[in-house]
Every structure is written in C-alpha cells, then in structure tokens.
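J.: File follows, my_file_18.txt with compact mmCIF, C-alpha atoms and all ligand atoms:
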# COMPACT_ATOMS: atom_id res chain seq x y z
CA MET A 1 0.00 0.00 0.00
CA LYS A 2 1.29 3.48 -0.81
CA VAL A 3 0.05 7.08 -0.93
CA LYS A 4 -1.47 7.83 -4.33
CA THR A 5 -1.87 11.60 -4.08
CA SER A 6 -1.37 14.23 -1.39
CA LYS A 7 -2.14 17.91 -1.48
CA ILE A 8 -2.91 20.81 0.82
CA THR A 9 -5.68 23.29 0.09
CA ASN A 10 -6.22 26.59 1.86
CA LEU A 11 -9.96 26.38 2.16
CA PHE A 12 -10.90 29.74 3.58
CA PRO A 13 -8.33 32.38 2.61
CA THR A 14 -8.99 36.09 3.24
CA PRO A 15 -7.69 38.42 0.50
CA PHE A 16 -6.17 41.64 1.78
CA GLY A 17 -5.02 44.13 -0.86
CA ARG A 18 -2.69 47.03 -0.21
CA VAL A 19 -1.85 49.79 -2.73
CA GLU A 20 0.57 52.65 -2.06
CA PHE A 21 -0.02 55.95 -3.86
CA GLU A 22 2.35 58.89 -4.11
CA GLY A 23 2.02 62.45 -5.35
CA PHE A 24 -1.40 63.03 -3.82
CA ASP A 25 -0.39 65.71 -1.30
CA ASP A 26 -2.61 68.31 -2.97
CA ILE A 27 -5.62 65.97 -3.03
CA HIS A 28 -5.03 65.16 0.64
CA ARG A 29 -4.93 68.86 1.48
CA ARG A 30 -8.21 69.46 -0.38
CA ILE A 31 -9.91 66.54 1.37
CA VAL A 32 -8.79 67.87 4.76
CA GLU A 33 -10.23 71.30 3.81
CA PHE A 34 -13.49 69.59 2.82
CA VAL A 35 -13.59 67.80 6.19
CA HIS A 36 -13.17 71.06 8.07
CA GLU A 37 -15.86 72.76 5.96
CA CYS A 38 -18.31 69.91 6.64
CA GLU A 39 -17.55 70.06 10.34
CA ALA A 40 -18.08 73.83 10.43
CA GLN A 41 -21.41 73.39 8.63
CA GLY A 42 -22.51 70.49 10.84
CA LYS A 43 -22.62 68.02 7.93
CA ILE A 44 -21.36 65.15 10.05
CA ARG A 45 -22.56 61.96 11.67
CA ASP A 46 -21.78 62.54 15.32
CA SER A 47 -20.81 59.27 17.04
CA ARG A 48 -22.49 60.49 20.21
CA VAL A 49 -25.80 60.50 18.34
CA ASP A 50 -25.51 58.16 15.35
CA VAL A 51 -24.64 54.49 15.28
CA THR A 52 -21.06 54.39 14.03
CA SER A 53 -17.92 52.57 15.16
CA ASN A 54 -16.31 55.89 16.19
CA TRP A 55 -15.78 56.38 19.89
CA GLY A 56 -13.87 58.77 22.09
CA ASN A 57 -13.40 61.75 19.85
CA GLY A 58 -14.45 61.42 16.25
CA PHE A 59 -17.14 61.68 13.63
CA GLN A 60 -18.00 60.57 10.11
CA ILE A 61 -18.96 62.48 6.99
CA PRO A 62 -21.36 60.66 4.64
CA LEU A 63 -20.51 61.01 0.94
CA LEU A 64 -23.50 59.08 -0.33
CA ARG A 65 -25.28 61.92 -2.12
CA GLU A 66 -22.52 64.51 -2.24
CA LYS A 67 -20.92 65.63 -5.48
CA VAL A 68 -17.62 66.93 -4.20
CA PRO A 69 -15.06 67.59 -6.96
CA VAL A 70 -12.01 66.37 -5.03
CA ILE A 71 -13.83 63.23 -3.92
CA GLU A 72 -15.16 62.55 -7.43
CA GLU A 73 -11.67 63.05 -8.84
CA PHE A 74 -9.95 60.80 -6.35
CA THR A 75 -12.63 58.13 -6.42
CA GLN A 76 -11.63 57.23 -9.98
CA HIS A 77 -8.19 56.16 -8.72
CA ILE A 78 -9.81 54.05 -6.04
CA TYR A 79 -12.19 52.38 -8.50
CA GLN A 80 -9.30 51.52 -10.82
CA SER A 81 -7.45 49.91 -7.94
CA PHE A 82 -10.58 48.03 -6.91
CA GLU A 83 -10.85 46.67 -10.44
CA GLY A 84 -7.25 45.45 -10.13
CA PHE A 85 -8.01 43.90 -6.75
CA LEU A 86 -10.98 42.00 -8.21
CA ARG A 87 -8.82 40.72 -11.09
CA SER A 88 -6.11 39.58 -8.70
CA ILE A 89 -8.55 37.44 -6.74
CA GLY A 90 -10.16 35.95 -9.85
CA LEU A 91 -13.29 38.11 -9.96
CA GLY A 92 -12.28 40.41 -12.82
CA GLU A 93 -14.64 38.84 -15.34
CA ILE A 94 -17.73 38.23 -13.28
CA ASP A 95 -20.88 39.74 -14.70
CA ALA A 96 -22.22 41.81 -11.86
CA ASP A 97 -23.69 45.11 -10.81
CA ILE A 98 -21.43 46.93 -8.39
CA THR A 99 -22.54 49.85 -6.29
CA ALA A 100 -20.41 51.80 -3.85
CA ASP A 101 -21.04 53.76 -0.70
CA ALA A 102 -18.43 56.12 0.71
CA TRP A 103 -17.78 58.07 3.86
CA ILE A 104 -14.96 59.82 5.70
CA VAL A 105 -13.86 58.86 9.20
CA VAL A 106 -12.20 61.50 11.40
CA SER A 107 -10.58 60.83 14.79
CA ARG A 108 -8.76 63.14 17.13
CA THR A 109 -6.93 62.55 20.40
CA GLY A 110 -8.48 59.62 22.25
CA GLY A 111 -10.63 58.66 19.26
CA TYR A 112 -10.87 55.06 18.13
CA ASN A 113 -13.10 52.64 16.21
CA ALA A 114 -14.52 49.67 18.08
CA PRO A 115 -14.25 46.27 16.35
CA HIS A 116 -16.91 46.05 13.64
CA ILE A 117 -17.80 44.62 10.24
CA HIS A 118 -19.49 46.37 7.31
CA PRO A 119 -22.79 44.50 6.97
CA HIS A 120 -23.86 46.22 3.75
CA GLY A 121 -20.76 45.56 1.65
CA THR A 122 -19.19 42.67 -0.22
CA PHE A 123 -15.73 44.26 -0.12
CA SER A 124 -14.56 47.34 1.73
CA SER A 125 -11.63 49.68 1.39
CA ILE A 126 -9.84 52.24 3.51
CA TYR A 127 -7.63 55.04 2.19
CA TYR A 128 -5.46 57.08 4.55
CA VAL A 129 -5.60 60.82 3.90
CA SER A 130 -4.04 62.12 7.13
CA ILE A 131 -2.26 60.06 9.77
CA PRO A 132 -0.54 61.42 12.90
CA GLU A 133 2.67 59.42 13.35
CA ARG A 134 2.49 57.54 16.63
CA PRO A 135 4.18 54.44 18.05
CA SER A 136 2.36 51.13 17.67
CA PRO A 137 -0.46 50.45 18.32
CA GLN A 138 -1.72 54.06 18.46
CA GLY A 139 -3.96 54.67 15.47
CA TYR A 140 -3.13 51.25 14.02
CA LEU A 141 -5.76 49.19 12.20
CA GLU A 142 -6.35 45.79 13.77
CA LEU A 143 -7.80 42.95 11.69
CA VAL A 144 -9.42 40.05 13.51
CA ASN A 145 -8.82 36.60 12.06
CA PRO A 146 -12.25 35.40 10.87
CA LEU A 147 -11.28 31.82 11.74
CA GLY A 148 -11.28 32.84 15.38
CA SER A 149 -9.87 30.40 17.91
CA ALA A 150 -9.32 27.82 15.15
CA ALA A 151 -6.38 29.96 14.02
CA LEU A 152 -4.50 28.95 17.15
CA GLN A 153 -4.68 25.32 16.11
CA SER A 154 -3.26 25.97 12.66
CA PHE A 155 -0.29 28.08 13.82
CA GLY A 156 -1.88 31.28 12.60
CA SER A 157 -2.39 34.45 14.59
CA THR A 158 -5.71 35.66 15.91
CA ASN A 159 -5.16 39.32 15.00
CA GLN A 160 -3.09 41.37 12.58
CA LEU A 161 -1.92 44.93 13.25
CA VAL A 162 -1.57 47.20 10.21
CA GLU A 163 0.49 50.37 10.39
CA PRO A 164 -1.45 53.25 8.81
CA LYS A 165 0.44 55.36 6.30
CA GLU A 166 -0.79 58.34 4.29
CA GLY A 167 -1.41 57.38 0.67
CA THR A 168 -2.19 53.74 1.45
CA LEU A 169 -5.33 52.06 0.12
CA MET A 170 -6.47 48.68 1.42
CA PHE A 171 -9.13 46.22 0.27
CA PHE A 172 -10.66 43.37 2.25
CA PRO A 173 -13.92 41.42 2.51
CA SER A 174 -16.58 43.41 4.35
CA HIS A 175 -17.16 40.53 6.76
CA LEU A 176 -13.60 40.87 8.12
CA MET A 177 -13.88 42.34 11.60
CA HIS A 178 -11.59 45.30 12.19
CA GLY A 179 -11.08 48.26 14.50
CA VAL A 180 -8.71 51.18 15.10
CA HIS A 181 -6.67 51.74 18.24
CA PRO A 182 -6.91 55.15 19.92
CA PHE A 183 -4.11 57.65 19.56
CA GLU A 184 -3.15 60.51 21.86
CA GLY A 185 -1.96 64.01 21.13
CA GLU A 186 -2.08 66.47 18.30
CA GLY A 187 -3.31 65.88 14.78
CA GLU A 188 -6.26 64.20 13.16
CA ARG A 189 -6.62 60.79 11.63
CA ILE A 190 -8.64 61.00 8.43
CA SER A 191 -9.58 58.07 6.22
CA LEU A 192 -11.77 57.67 3.15
CA ASN A 193 -13.88 54.52 3.36
CA PHE A 194 -15.81 52.58 0.73
CA ASP A 195 -18.19 49.64 0.71
CA TYR A 196 -18.67 47.87 -2.61
CA THR A 197 -21.76 45.75 -3.03
CA ILE A 198 -21.49 43.15 -5.78
CA VAL A 199 -24.62 41.59 -7.18
CA GLN A 200 -23.80 38.91 -9.70
CA LYS A 201 -25.76 38.83 -12.98
CA ASP A 202 -26.15 36.02 -15.47
CA THR A 203 -26.19 37.90 -18.79
CA ASP A 204 -23.29 38.96 -21.06
CA GLY A 205 -20.10 38.49 -19.02
CA SER A 206 -18.77 42.05 -19.43
CA ASN A 207 -16.59 44.06 -17.05
CA PRO A 208 -18.38 44.17 -13.69
CA LEU A 209 -17.16 47.72 -13.00
CA ARG A 210 -19.12 48.99 -15.96
CA GLY A 211 -22.10 49.54 -13.71
CA ILE A 212 -20.29 51.13 -10.78
CA GLN A 213 -22.00 54.10 -9.29
CA ARG A 214 -21.98 55.93 -6.05
CA GLY A 215 -25.06 56.08 -3.94
FE FE B 301 -14.67 49.89 9.20
Will you turn the file into structure tokens for me?
Ligand SMILES: [Fe+2]

T.:
Amino acid sequence: MKVKTSKITNLFPTPFGRVEFEGFDDIHRRIVEFVHECEAQGKIRDSRVDVTSNWGNGFQIPLLREKVPVIEEFTQHIYQSFEGFLRSIGLGEIDADITADAWIVVSRTGGYNAPHIHPHGTFSSIYYVSIPERPSPQGYLELVNPLGSAALQSFGSTNQLVEPKEGTLMFFPSHLMHGVHPFEGEGERISLNFDYTIVQKDTDGSNPLRGIQRG
C-alpha cells in the first residue's frame, strides 16, 4: 500500500489588498479642507448621536449623495485599484452590478473605532488621507482573524496589526472584523472609506465595474 496523491488546500483564505499611492499631497490637502468645511457646517454623523464605530473623539462624513469635486476626482483612482483587486482574486470577469457607498472617518486625540464589520458591503476599502505618526499600536488598524480560535490550532495568529500610512489604500472582505486603536496628542486621523456591493448577474459576461456608481 502506498500514498497515491497528497495535497494541501487553503480552504478559507482572506484576500487583503494594499496599494501605495504617491504624489497626492494636494488631493489630501483638499480633502482635509473639505472635512473642516463639513464640520463647520454640521454636515457630520456625530458618534455620540448616530450608530457608528467611532468612539472617544471622532465623527464621520457621509458622501452618499454629495458631489464633491475632489472626492469625485480621487474616487476614480480608487475604483481603478478596486478593479485590479478583483482581477487579482479571480473576480475580474464576473458579470455583476457593483454599487459603492463612501464616507470619511475622522478621529482626534483619544478617538478610536470599536471592532466592527461592514454588513452592507461585499468588499470594503480604507484610504489614509491624514495620519498622525504615533508608536504602535496608536492609530493602528487591527484585523481580527475570521477563523477565530481555530487559528490557534493551525499556527496562525488571531489578530493582525496594520500600520497606517498616508497614501495607502487597502481592500478586504466586508465581513472581516476590524477596528482602530486610539491615539493621543495632536493631529487628526482622516480616512476615506468605501463599501462595494457586488450583485452577480447572469447575462453577457462584461466588465463588472461597468455599472459602478456611487449612492
Ligand atoms: Fe470599518
């Protein structure tokens, strides 16, 4: 008797995409200006009132129905990267309708995001516009292994810390639980966040991003 075949399959992998941009200082500056304008005009979701993951000292700005030039301009870069992410995980040719929702998250000293998922998305992304430099884990993103305690039995880790850097865009499944550690001191932590909802169709097999729209 002998072994006929033997192979290992990773059954439940979690894709995590990371793209670094450069040369966007002016766009970052304009987004920060937009944040301050929205705050001055009260166009924010206050975490003390609304149900968000922000705690401590922070708020969100919904972009669902806004037509903001700098956001519209920058969103095209994010959509292109999302298209690349889908291709890299084998979903580049699926025939689907994709819609996107977007919002800005702002945190200041003591602010943090409790662990959460994005229940309305298929994939989510985070782009860092402004990040105060602090030692780990202040302001770091923490990803929770969706395999939970089983990860301990397969020599994996239960959590993954991600250092935030300005100009970094990340993609991950919306079911992946994540949170942000608080930071102390000066500065504001500003990120641009997207949820992409993918509804698969069964018609002509064209580029799924053809139907992308905000709102
Ligand atoms: Fe989130």

J.: Under the rule of at most 7 Å, produce a per-residue listing of chain A near ligand FE 301 (chain B): chain, number, name, the closest pair of atoms, and the distance in Å, as CSV, using all atoms listed in the file.

T.:
residue,atom,partner,partner_atom,distance
A:His116,CA,B:FE301,FE,6.3
A:Ile117,CA,B:FE301,FE,6.2
A:His118,CA,B:FE301,FE,6.3
A:His178,CA,B:FE301,FE,6.3
A:Gly179,CA,B:FE301,FE,6.6

J.: Which is closest to Asn145 (chain A) among A:Leu91, A:Ile31, A:Ile78, A:Leu161, if we use only C-alpha atoms?

T.: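 Closest to Asn145 (chain A), using only C-alpha atoms: A:Leu161.
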
J.: With a distance cut-off of 7 Å and all atoms listed in the file, select the neighbouring residues of region 199-201 of chain A, excluding the residue or stretch itself and same-chain residues fewer than 3 positions from it, and output the selection as a VMD selection string.

T.: chain A and resid 95 to 98

J.: When distances are computed from all atoms listed in the file, which of A:Ser107, A:Ser125, A:Ser130, A:Thr14 shows the smallest separation from Pro182 (chain A)?

T.: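 The shortest atom-to-atom distance to Pro182 (chain A) comes from A:Ser107.
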
J.: Could you jot down the CA of Gln80 (chain A) to CA of Lys165 (chain A) separation for me, Å, one decimal place?

T.: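 Rounded to one decimal, the two atoms are 20.1 Å apart.
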
J.: Give the answer as one residue: which of A:Asp26, A:Glu93, A:Asp195, A:Glu33 has the shortest atom-to-atom distance to Phe172 (chain A), using all atoms listed in the file?

T.: A:Asp195

J.: Just to confirm, what's the straight-line distance from CA of Glu22 (chain A) to CA of Glu133 (chain A) in Å (one decimal)?

T.: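 We find that CA of Glu22 (chain A) and CA of Glu133 (chain A) lie 17.5 Å from each other.
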
J.: Which value, in Å to one decimal, gives the distance between CA of Glu184 (chain A) and CA of Gly110 (chain A)?

T.: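 CA of Gly110 (chain A) lies 5.4 Å from CA of Glu184 (chain A).
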